[in-house]
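Undergrad: Before I ask anything, here is the structure I am working with.
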Amino acid sequence: MALRGRMNDLERCRQLIGFSADGIHELDLQGDITHVNQSGCSMLCIADPAGAIGQPLASFWPEAVRPTIESALLAARDRQSVQFTRMLPSGSGEDCWWLVSVHPYLDASGQVDGVAVISHDITERVEAKLALDTVIHNRLNLSELAGERGVARNQVLGRLLADARIVQKQGDGREQLLKLQLGLASTAQAVAEHASQQAQKNEAIGQLVAGLSHDFANMLQIAVVALSSIQDDSANLTDTQRRLLGYSMDGVQHASLLVKRLLAFSRVHRFIAEPVELAAIVRDIEGFARHSLGAGMDFQVESAATELPTLSDNHSIEQAFINLCINARDACNGQGAIRVRLGELVVDEAQAGTLRPAGDYVTLAVIDNGCGMVDAVRERLFEPYFTTKAEGAGTGLGLAQVYGVLRQAGGFVDVESAPGQGTTMTMAFPRLHLPAAD
């Protein structure tokens, strides 16, 4: 009877996998398929599921993507979970985007005895992002074109102003000078009105996102309360029901975190560049950061040898700093050391690049002794929604926010990392040269 119960549980799990809309492939240590659900067959256009058993999973992927899946399988054999995004052609010929998660199976002794590959269709999300990027790109192009036209207009107006002054000196240019002044005033008014309209549009979008996020958070809270009530009476549930209940709780909690992040990004807080001092910002938020990291982390802040002024937004720097600290804590699995180092950096012409201009910078570095990163992960580190964390443990937006803050401030982010050797992430802000005191 016990054996029959176990077989029933296994069959129930197989059926549950079959119900999933995600593509699920189970592999042995060589990367050969041992089981695949219907969604997994549709994803890779596998017409004969039985014939696919025993075949390498990589052989069903396009040639250009095989190195990525093989690299992920290699990491899984080393007990690491990996996540990446790729585009695959569907059976209908349309391109689909997939978020692929690769996880190792561990036996009772903690050894890897198989690999699970779970693929989630994110085509709608990617297409929405691409559409948004297109709109932003078009707006930027229009802004650049308007800027070029503004420069040309200013040059013309400057020449007219010089001519008007000559005519005025000759005693016969008063009327032309008045017309020129009126034209300048009209141009300034038009520019101000356009800027006001754009600000109102941005504020309206932020209020809309905030309102929707707030309503969605309320609905999620109802779901959390209902699931918690069921969880409190879990003795009346079967093992499968308890497991599915756990999945549900994880899902709504993850959704709640995303809603909080949306609310934070949609609040009416614009990037306001003003003189700030990096060491002072770190001192103000040090206690909050230490509390957020938990008791398992050794968190130390090295004092700055001098003042580190820059022109940026205080709130945005605080948020970026906390994001780096949380990322470092996760790299240490909550047990490790984080050092915060403040300093200075000079980038000369030989070291400069398109995204790393030459100049004088003040720096804020977060250093951890965690697991480190391979080159493939480091290259995609600042992509929105890219994450190596387990599904539900991260949104992939934290480091994208860090990158955005540095770009707005005119700075850059340096990343030094290697597997097993920890990570150093350095935010570099252009130094603000203040006038010397009398």
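By order in the structure tokens, chains are A, B, ...; within a chain, residues start at 1; ligands start at 1, following the order shown.
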Excluding Thr34 of chain A and any residue of its chain fewer than 6 positions from it, enumerate the residues within 6 Å of it, using only C-alpha atoms, and give them as a PyMOL selection string.
TA: chain A and resi 26-27+53
Undergrad: For Gly334 of chain A, list every protein, DNA or RNA residue within 9 Å, evaluated using only C-alpha atoms, and leave out those in the same chain fewer than 4 positions away; present the list as JSON, numbers by chain.
TA: {"A": [293, 294, 295, 296, 297, 328, 329, 330]}
Undergrad: Quote the spacing between atom CA of Ala409 of chain A and atom CA of Ser312 of chain A in Å to one decimal place.
TA: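 Computing the Euclidean distance for atom CA of Ala409 of chain A and atom CA of Ser312 of chain A yields 5.5 Å.
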Undergrad: Select, from A:Ser119, A:Thr426, A:Ser316, A:Gln421, the residue with the minimum atom-to-atom distance to Val340 of chain A, counting only C-alpha atoms.
TA: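 Result for the nearest residue to Val340 of chain A: A:Thr426.
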Undergrad: Fewer than 5 positions away in the same chain doesn't count, so skip those; otherwise give me all residues within 12 Å of Phe412 of chain A, counting only C-alpha atoms, as JSON, numbers by chain.
TA: {"A": [345, 347, 352, 353, 354, 355, 356, 357, 358, 359, 361, 362, 363, 364, 365, 382, 402, 403, 404, 405, 406, 407, 425, 426, 427, 428, 429, 430]}
Undergrad: Step one, run DSSP on the backbone; step two, keep only residues of segment 254-399 of chain A assigned to alpha helix (DSSP H); then write them as an NGL selection string.
TA: :A and (254-266 or 278-293 or 314-331 or 375-379 or 398-399)
Undergrad: As a ChimeraX atom specification, please: the residues near Gly31 of chain A (cut-off 10 Å, only C-alpha atoms, same-chain neighbours under 6 positions excluded).
TA: /A:54-58,69-70,73-74,77,114-116
Undergrad: If we count only C-alpha atoms, what is near Glu383 of chain A at a cut-off of 10 Å, once residues fewer than 6 positions away on the same chain are taken out, given as a list of chain:residue names?
TA: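 Contacts, with the query itself left out: A:Gly396, A:Leu397, A:Gly398, A:Leu399, A:Ala400, A:Gln401, A:Tyr403.
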Undergrad: Selection from above, N, CA and C atoms, as a compact mmCIF listing (two decimals), in the first residue's frame, can you write it?
TA:
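File written: selection_5.txt
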# COMPACT_ATOMS: atom_id res chain seq x y z
N GLY A 396 15.03 41.57 -10.87
CA GLY A 396 15.94 41.98 -11.92
C GLY A 396 15.89 43.47 -12.22
N LEU A 397 15.34 44.27 -11.28
CA LEU A 397 15.23 45.71 -11.50
C LEU A 397 16.21 46.53 -10.65
N GLY A 398 16.76 45.93 -9.59
CA GLY A 398 17.60 46.70 -8.66
C GLY A 398 18.83 47.28 -9.32
N LEU A 399 19.60 46.45 -10.04
CA LEU A 399 20.82 46.95 -10.67
C LEU A 399 20.51 47.82 -11.88
N ALA A 400 19.36 47.60 -12.52
CA ALA A 400 18.96 48.51 -13.60
C ALA A 400 18.74 49.92 -13.06
N GLN A 401 18.17 50.01 -11.83
CA GLN A 401 17.97 51.32 -11.20
C GLN A 401 19.32 51.97 -10.88
N TYR A 403 22.14 51.53 -12.49
CA TYR A 403 22.70 52.00 -13.76
C TYR A 403 22.03 53.30 -14.19
Undergrad: Restricting the calculation to only C-alpha atoms: of A:Val374, A:Ile281, A:Ala350, A:Ala320, which residue gets closest to Val413 of chain A?
TA: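 Closest candidate: A:Ala320.
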Undergrad: Check the smallest atom-to-atom distance from each of A:Asn37, A:Asn323, A:Gln83, A:Thr310 to Ser292 of chain A using only C-alpha atoms, then report the winner.
TA: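 The answer is A:Asn323, which sits nearest to Ser292 of chain A.
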